[in-house]
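**Q** The structure file data.txt (compact mmCIF, N, CA and C atoms) is provided below.
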```txt
# COMPACT_ATOMS: atom_id res chain seq x y z
N MET A 10 106.72 102.78 133.00
CA MET A 10 106.93 102.66 131.57
C MET A 10 108.31 103.24 131.25
N ASP A 11 109.07 102.52 130.45
CA ASP A 11 110.39 103.00 130.04
C ASP A 11 110.34 103.57 128.64
N ASN A 12 111.03 104.68 128.45
CA ASN A 12 111.20 105.31 127.14
C ASN A 12 112.68 105.61 126.97
N TYR A 13 113.14 105.56 125.74
CA TYR A 13 114.54 105.84 125.44
C TYR A 13 114.64 106.95 124.41
N ILE A 14 115.75 107.69 124.49
CA ILE A 14 116.01 108.74 123.51
C ILE A 14 117.52 108.91 123.40
N ILE A 15 117.97 109.33 122.25
CA ILE A 15 119.39 109.63 122.08
C ILE A 15 119.57 111.14 122.01
N VAL A 16 120.57 111.63 122.71
CA VAL A 16 120.87 113.07 122.72
C VAL A 16 121.63 113.39 121.43
N ARG A 17 121.08 114.32 120.66
CA ARG A 17 121.67 114.71 119.38
C ARG A 17 122.13 116.17 119.44
N PRO A 18 122.92 116.59 118.45
CA PRO A 18 123.46 117.97 118.47
C PRO A 18 122.40 119.05 118.64
N GLU A 19 121.21 118.87 118.08
CA GLU A 19 120.17 119.90 118.19
C GLU A 19 119.60 120.02 119.61
N HIS A 20 119.97 119.09 120.50
CA HIS A 20 119.50 119.12 121.89
C HIS A 20 120.50 119.79 122.83
N LEU A 21 121.65 120.22 122.30
CA LEU A 21 122.74 120.71 123.15
C LEU A 21 122.67 122.20 123.42
N ASN A 22 123.20 122.59 124.58
CA ASN A 22 123.32 124.00 124.92
C ASN A 22 124.66 124.55 124.44
N GLN A 23 124.96 125.77 124.79
CA GLN A 23 126.17 126.43 124.34
C GLN A 23 127.45 125.79 124.90
N HIS A 24 127.33 124.92 125.88
CA HIS A 24 128.49 124.25 126.48
C HIS A 24 128.66 122.82 125.96
N GLY A 25 127.82 122.42 125.02
CA GLY A 25 127.94 121.09 124.43
C GLY A 25 127.29 119.97 125.22
N HIS A 26 126.42 120.33 126.16
CA HIS A 26 125.68 119.33 126.93
C HIS A 26 124.17 119.51 126.68
N LEU A 27 123.42 118.52 127.09
CA LEU A 27 121.97 118.56 126.91
C LEU A 27 121.39 119.82 127.54
N PHE A 28 120.58 120.53 126.79
CA PHE A 28 119.88 121.71 127.28
C PHE A 28 118.83 121.25 128.30
N GLY A 29 118.83 121.87 129.48
CA GLY A 29 117.92 121.46 130.55
C GLY A 29 116.46 121.51 130.16
N GLY A 30 116.08 122.52 129.37
CA GLY A 30 114.70 122.63 128.93
C GLY A 30 114.27 121.47 128.05
N GLN A 31 115.21 120.93 127.27
CA GLN A 31 114.90 119.77 126.44
C GLN A 31 114.60 118.55 127.31
N LEU A 32 115.40 118.37 128.37
CA LEU A 32 115.17 117.25 129.28
C LEU A 32 113.79 117.38 129.93
N LEU A 33 113.43 118.59 130.36
CA LEU A 33 112.12 118.79 130.98
C LEU A 33 110.99 118.54 129.99
N LEU A 34 111.19 118.92 128.73
CA LEU A 34 110.18 118.65 127.70
C LEU A 34 109.95 117.16 127.56
N TRP A 35 111.04 116.37 127.49
CA TRP A 35 110.90 114.92 127.36
C TRP A 35 110.20 114.32 128.56
N ILE A 36 110.54 114.79 129.77
CA ILE A 36 109.88 114.28 130.98
C ILE A 36 108.39 114.57 130.93
N ASP A 37 108.02 115.79 130.57
CA ASP A 37 106.61 116.17 130.46
C ASP A 37 105.90 115.26 129.44
N GLU A 38 106.53 115.07 128.31
CA GLU A 38 105.91 114.27 127.25
C GLU A 38 105.78 112.80 127.65
N PHE A 39 106.85 112.19 128.17
CA PHE A 39 106.79 110.77 128.51
C PHE A 39 105.85 110.50 129.67
N CYS A 40 105.83 111.38 130.67
CA CYS A 40 104.89 111.19 131.78
C CYS A 40 103.45 111.41 131.32
N TRP A 41 103.24 112.39 130.43
CA TRP A 41 101.89 112.61 129.91
C TRP A 41 101.41 111.38 129.13
N ILE A 42 102.28 110.77 128.35
CA ILE A 42 101.91 109.55 127.62
C ILE A 42 101.49 108.46 128.61
N SER A 43 102.25 108.29 129.69
CA SER A 43 101.88 107.31 130.71
C SER A 43 100.50 107.61 131.29
N ALA A 44 100.26 108.89 131.59
CA ALA A 44 98.96 109.29 132.14
C ALA A 44 97.84 109.08 131.13
N ALA A 45 98.09 109.39 129.87
CA ALA A 45 97.07 109.21 128.83
C ALA A 45 96.71 107.74 128.65
N ILE A 46 97.68 106.87 128.82
CA ILE A 46 97.42 105.42 128.74
C ILE A 46 96.62 104.97 129.96
N ASP A 47 96.98 105.49 131.14
CA ASP A 47 96.29 105.10 132.37
C ASP A 47 94.88 105.68 132.47
N PHE A 48 94.65 106.86 131.87
CA PHE A 48 93.36 107.54 131.94
C PHE A 48 92.95 107.99 130.53
N PRO A 49 92.63 107.03 129.66
CA PRO A 49 92.41 107.34 128.24
C PRO A 49 91.23 108.25 127.95
N ASP A 50 90.27 108.31 128.84
CA ASP A 50 89.08 109.13 128.57
C ASP A 50 89.15 110.51 129.22
N LYS A 51 90.32 110.88 129.74
CA LYS A 51 90.47 112.16 130.42
C LYS A 51 91.35 113.11 129.62
N LYS A 52 91.02 114.40 129.69
CA LYS A 52 91.86 115.45 129.10
C LYS A 52 92.79 115.93 130.22
N LEU A 53 94.07 115.67 130.08
CA LEU A 53 95.04 115.94 131.13
C LEU A 53 95.99 117.06 130.73
N VAL A 54 96.25 117.96 131.66
CA VAL A 54 97.19 119.05 131.43
C VAL A 54 98.22 119.06 132.56
N THR A 55 99.42 119.51 132.24
CA THR A 55 100.48 119.59 133.24
C THR A 55 100.14 120.67 134.26
N ARG A 56 100.20 120.30 135.52
CA ARG A 56 99.92 121.26 136.60
C ARG A 56 101.19 121.69 137.33
N ALA A 57 102.05 120.72 137.63
CA ALA A 57 103.24 121.05 138.42
C ALA A 57 104.34 120.03 138.16
N MET A 58 105.57 120.50 138.37
CA MET A 58 106.73 119.62 138.30
C MET A 58 107.48 119.81 139.61
N GLY A 59 108.02 118.70 140.14
CA GLY A 59 108.76 118.77 141.39
C GLY A 59 110.14 119.37 141.21
N ASP A 60 111.02 119.09 142.13
CA ASP A 60 112.39 119.60 142.14
C ASP A 60 113.07 119.34 140.80
N THR A 61 113.74 120.34 140.27
CA THR A 61 114.43 120.20 138.98
C THR A 61 115.89 120.59 139.13
N THR A 62 116.62 119.83 139.91
CA THR A 62 118.04 120.06 140.11
C THR A 62 118.83 119.22 139.12
N PHE A 63 119.68 119.88 138.34
CA PHE A 63 120.50 119.20 137.35
C PHE A 63 121.83 118.86 138.01
N ASN A 64 122.15 117.58 138.08
CA ASN A 64 123.32 117.14 138.83
C ASN A 64 124.60 117.01 138.01
N ARG A 65 124.49 116.79 136.70
CA ARG A 65 125.67 116.66 135.85
C ARG A 65 125.28 116.91 134.41
N GLY A 66 126.27 117.28 133.61
CA GLY A 66 126.03 117.47 132.19
C GLY A 66 125.82 116.15 131.47
N ILE A 67 125.00 116.20 130.44
CA ILE A 67 124.71 115.00 129.64
C ILE A 67 125.25 115.27 128.23
N PRO A 68 126.28 114.53 127.81
CA PRO A 68 126.92 114.82 126.53
C PRO A 68 126.16 114.31 125.32
N ASP A 69 126.51 114.87 124.16
CA ASP A 69 125.99 114.43 122.87
C ASP A 69 126.21 112.93 122.70
N GLY A 70 125.22 112.25 122.13
CA GLY A 70 125.33 110.82 121.87
C GLY A 70 124.88 109.94 123.02
N SER A 71 124.56 110.54 124.16
CA SER A 71 124.11 109.74 125.30
C SER A 71 122.76 109.10 125.01
N ILE A 72 122.59 107.87 125.45
CA ILE A 72 121.29 107.20 125.38
C ILE A 72 120.66 107.36 126.76
N LEU A 73 119.49 107.98 126.79
CA LEU A 73 118.80 108.22 128.06
C LEU A 73 117.61 107.28 128.19
N ARG A 74 117.43 106.76 129.39
CA ARG A 74 116.24 105.97 129.70
C ARG A 74 115.40 106.76 130.69
N PHE A 75 114.12 106.91 130.38
CA PHE A 75 113.16 107.61 131.24
C PHE A 75 112.24 106.57 131.85
N ASP A 76 112.29 106.42 133.15
CA ASP A 76 111.47 105.44 133.86
C ASP A 76 110.34 106.20 134.56
N THR A 77 109.11 106.06 134.06
CA THR A 77 107.97 106.77 134.65
C THR A 77 107.09 105.80 135.42
N LYS A 78 106.63 106.24 136.60
CA LYS A 78 105.77 105.41 137.44
C LYS A 78 104.70 106.27 138.08
N GLN A 79 103.49 105.76 138.11
CA GLN A 79 102.39 106.46 138.78
C GLN A 79 102.65 106.43 140.28
N GLN A 80 102.55 107.59 140.93
CA GLN A 80 102.83 107.70 142.37
C GLN A 80 101.58 107.94 143.21
N HIS A 81 100.66 108.76 142.69
CA HIS A 81 99.49 109.13 143.50
C HIS A 81 98.35 109.56 142.58
N VAL A 82 97.14 109.12 142.93
CA VAL A 82 95.93 109.56 142.21
C VAL A 82 95.04 110.26 143.22
N GLY A 83 94.67 111.50 142.89
CA GLY A 83 93.76 112.26 143.73
C GLY A 83 92.39 112.35 143.08
N CYS A 84 91.58 113.28 143.55
CA CYS A 84 90.23 113.45 142.99
C CYS A 84 90.25 113.98 141.56
N SER A 85 91.19 114.90 141.28
CA SER A 85 91.23 115.50 139.94
C SER A 85 92.63 115.48 139.33
N SER A 86 93.58 114.84 140.01
CA SER A 86 94.95 114.87 139.49
C SER A 86 95.66 113.54 139.70
N VAL A 87 96.76 113.39 138.99
CA VAL A 87 97.60 112.20 139.11
C VAL A 87 99.05 112.65 139.05
N THR A 88 99.88 112.03 139.88
CA THR A 88 101.30 112.37 139.94
C THR A 88 102.14 111.16 139.53
N TYR A 89 103.16 111.44 138.71
CA TYR A 89 104.10 110.42 138.26
C TYR A 89 105.50 110.80 138.68
N SER A 90 106.32 109.80 138.95
CA SER A 90 107.74 110.04 139.15
C SER A 90 108.44 109.74 137.83
N CYS A 91 109.56 110.40 137.61
CA CYS A 91 110.37 110.14 136.42
C CYS A 91 111.84 110.13 136.84
N ASP A 92 112.47 108.99 136.64
CA ASP A 92 113.90 108.86 136.88
C ASP A 92 114.58 108.73 135.53
N VAL A 93 115.66 109.51 135.34
CA VAL A 93 116.37 109.53 134.06
C VAL A 93 117.77 108.95 134.28
N TYR A 94 118.15 108.05 133.39
CA TYR A 94 119.44 107.38 133.47
C TYR A 94 120.19 107.51 132.15
N ILE A 95 121.53 107.61 132.22
CA ILE A 95 122.36 107.45 131.04
C ILE A 95 122.69 105.97 130.96
N MET A 96 122.43 105.37 129.81
CA MET A 96 122.68 103.95 129.60
C MET A 96 124.00 103.75 128.88
N ASP A 97 124.69 102.65 129.21
CA ASP A 97 125.84 102.32 128.39
C ASP A 97 125.34 101.58 127.15
N LYS A 98 126.18 101.37 126.21
CA LYS A 98 125.75 100.80 124.93
C LYS A 98 125.17 99.39 125.07
N LYS A 99 125.56 98.67 126.11
CA LYS A 99 125.07 97.30 126.31
C LYS A 99 123.84 97.26 127.21
N GLU A 100 123.45 98.40 127.75
CA GLU A 100 122.33 98.52 128.70
C GLU A 100 122.54 97.69 129.96
N GLU A 101 123.79 97.32 130.23
CA GLU A 101 124.08 96.57 131.45
C GLU A 101 124.23 97.52 132.64
N ASN A 102 124.70 98.71 132.36
CA ASN A 102 124.92 99.70 133.41
C ASN A 102 124.09 100.94 133.13
N LYS A 103 123.68 101.58 134.19
CA LYS A 103 122.96 102.84 134.06
C LYS A 103 123.42 103.76 135.17
N ARG A 104 123.47 105.05 134.86
CA ARG A 104 123.85 106.05 135.85
C ARG A 104 122.69 107.03 135.98
N PRO A 105 122.17 107.23 137.21
CA PRO A 105 121.09 108.20 137.37
C PRO A 105 121.60 109.62 137.13
N VAL A 106 120.82 110.39 136.38
CA VAL A 106 121.22 111.77 136.09
C VAL A 106 120.16 112.80 136.49
N PHE A 107 118.93 112.37 136.70
CA PHE A 107 117.87 113.33 137.01
C PHE A 107 116.67 112.58 137.56
N SER A 108 115.95 113.19 138.47
CA SER A 108 114.74 112.60 139.02
C SER A 108 113.79 113.71 139.42
N THR A 109 112.51 113.53 139.14
CA THR A 109 111.51 114.53 139.52
C THR A 109 110.14 113.88 139.55
N THR A 110 109.16 114.67 139.92
CA THR A 110 107.76 114.25 139.82
C THR A 110 107.02 115.27 138.97
N ILE A 111 105.92 114.82 138.40
CA ILE A 111 105.10 115.72 137.59
C ILE A 111 103.63 115.38 137.85
N THR A 112 102.82 116.41 138.00
CA THR A 112 101.40 116.23 138.30
C THR A 112 100.57 116.76 137.14
N PHE A 113 99.58 115.97 136.76
CA PHE A 113 98.62 116.35 135.72
C PHE A 113 97.25 116.48 136.35
N THR A 114 96.48 117.43 135.85
CA THR A 114 95.11 117.64 136.30
C THR A 114 94.16 117.35 135.15
N ALA A 115 93.06 116.68 135.47
CA ALA A 115 92.01 116.41 134.48
C ALA A 115 91.14 117.65 134.37
N ILE A 116 90.86 118.06 133.13
CA ILE A 116 89.97 119.21 132.93
C ILE A 116 88.83 118.82 132.00
N GLY A 117 87.74 119.51 132.17
CA GLY A 117 86.57 119.30 131.32
C GLY A 117 86.61 120.22 130.11
N GLU A 118 85.56 120.17 129.32
CA GLU A 118 85.47 121.01 128.12
C GLU A 118 85.48 122.49 128.44
N ASP A 119 85.06 122.84 129.68
CA ASP A 119 85.06 124.25 130.09
C ASP A 119 86.43 124.71 130.60
N GLY A 120 87.42 123.80 130.63
CA GLY A 120 88.76 124.14 131.08
C GLY A 120 88.93 124.09 132.58
N LYS A 121 87.89 123.68 133.31
CA LYS A 121 87.96 123.60 134.77
C LYS A 121 88.24 122.17 135.21
N LYS A 122 88.81 122.05 136.41
CA LYS A 122 89.11 120.72 136.96
C LYS A 122 87.88 119.83 136.95
N THR A 123 88.15 118.56 136.69
CA THR A 123 87.08 117.57 136.74
C THR A 123 87.62 116.31 137.42
N SER A 124 86.74 115.44 137.81
CA SER A 124 87.14 114.21 138.49
C SER A 124 87.96 113.31 137.57
N ILE A 125 88.98 112.71 138.16
CA ILE A 125 89.79 111.77 137.41
C ILE A 125 89.35 110.33 137.66
N CYS A 126 88.60 110.15 138.74
CA CYS A 126 88.16 108.79 139.12
C CYS A 126 86.93 108.34 138.34
```
Once more with this new file: its structure as structure tokens, please.
**A**
Amino acid sequence: MDNYIIVRPEHLNQHGHLFGGQLLLWIDEFCWISAAIDFPDKKLVTRAMGDTTFNRGIPDGSILRFDTKQQHVGCSSVTYSCDVYIMDKKEENKRPVFSTTITFTAIGEDGKKTSIC
């Protein structure tokens, strides 16, 4: 599933680039939405995020595309990959800027793991 967002001044750090925590928030949110669509009857919580290496600064006004894909389904969890790209204004070109995985666990009303299948 693809999602788009524009980087605005309120998303910037003290150096004028996208704050890393904001990027991680968007990844968590967009991947959770994908999981909620794939498993609509499950209560899913974030369990883990993979490698979070920031390779370059993302300036104000950048249009970001978040490409989320389901990677693995276990007994009580599901993992998604998320690739983030800076898009040019015509969407003809994209530059990868970040990639990670995120795992969600299904929990029951008691807050304990439950089957996702």
**Q** To one decimal place, how far is atom N of A:Val82 from atom CA of A:Ile125 in Å?
**A**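 For atom N of A:Val82 relative to atom CA of A:Ile125, the distance reads 9.6 Å.
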**Q** Could you jot down the atom N of A:Val54 to atom CA of A:Ile116 separation for me, Å, one decimal place?
**A**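 Atom CA of A:Ile116 lies at a distance of 6.5 Å from atom N of A:Val54.
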**Q** Name the residues in contact with stretch 10-15 of chain A at a cut-off of 6 Å, using only N, CA and C atoms, excluding same-chain residues fewer than 4 positions from it; report them as number ranges by chain.
**A** A: 70-78
**Q** Can you tell me, as a list in words, what residues are no more than 6 Å from A:Thr55 when counting all atoms listed in the file, ignoring any on the same chain fewer than 2 positions away?
**A**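 Within the cut-off, the hits are Leu53, Ala57, Thr112, Phe113 and Thr114 of chain A.
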**Q** So which residues fall inside 10 Å of (98.0, 111.2, 128.6) if we count only C-alpha atoms? Mind giving them as a ChimeraX atom specification?
**A** /A:38-55,113,115
**Q** So, with all atoms listed in the file as the atoms that count, which of A:Pro18, A:Gly59, A:Pro68, A:Gly25 lies closest to A:Ile111?
**A** A:Gly59
**Q** Could you please write out, as a ChimeraX atom specification, every residue of stretch 28-126 of chain A that DSSP assigns to strand (DSSP E)?
**A** /A:52-58,72-82,86-96,103-116
**Q** I need the residue nearest A:Val106 from this list: A:Ser90, A:His26, A:Thr123, A:Gly66. Use only N, CA and C atoms for the distance.
**A**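 Smallest distance to A:Val106 is found for A:Gly66.
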**Q** Could you check which of A:Ile36, A:Cys126, A:Val16, A:Leu27 is closest to A:Arg65, using only C-alpha atoms?
**A**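 The shortest atom-to-atom distance to A:Arg65 comes from A:Leu27.
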**Q** Take atom CA of A:Asn22 and atom CA of A:Thr88 and report the distance between them in Å, one decimal.
**A**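 Calculated distance between atom CA of A:Asn22 and atom CA of A:Thr88 is 29.1 Å.
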**Q** So which bits of chain A end up alpha helix (DSSP H) when you DSSP the backbone, as a ChimeraX atom specification?
**A** /A:29-47
**Q** With only C-alpha atoms as the atoms that count, which of A:Phe107, A:Gln80, A:Glu19, A:Asp119 lies nearest to A:Leu33?
**A**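 Checking each candidate against A:Leu33, we get A:Phe107 as the closest.
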**Q** For A:Cys91, which residue among A:Asn64, A:Gln79, A:Ser108, A:Gln23 is the nearest when counting only N, CA and C atoms?
**A**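 Once distances to A:Cys91 are computed over only N, CA and C atoms, the minimum belongs to A:Ser108.
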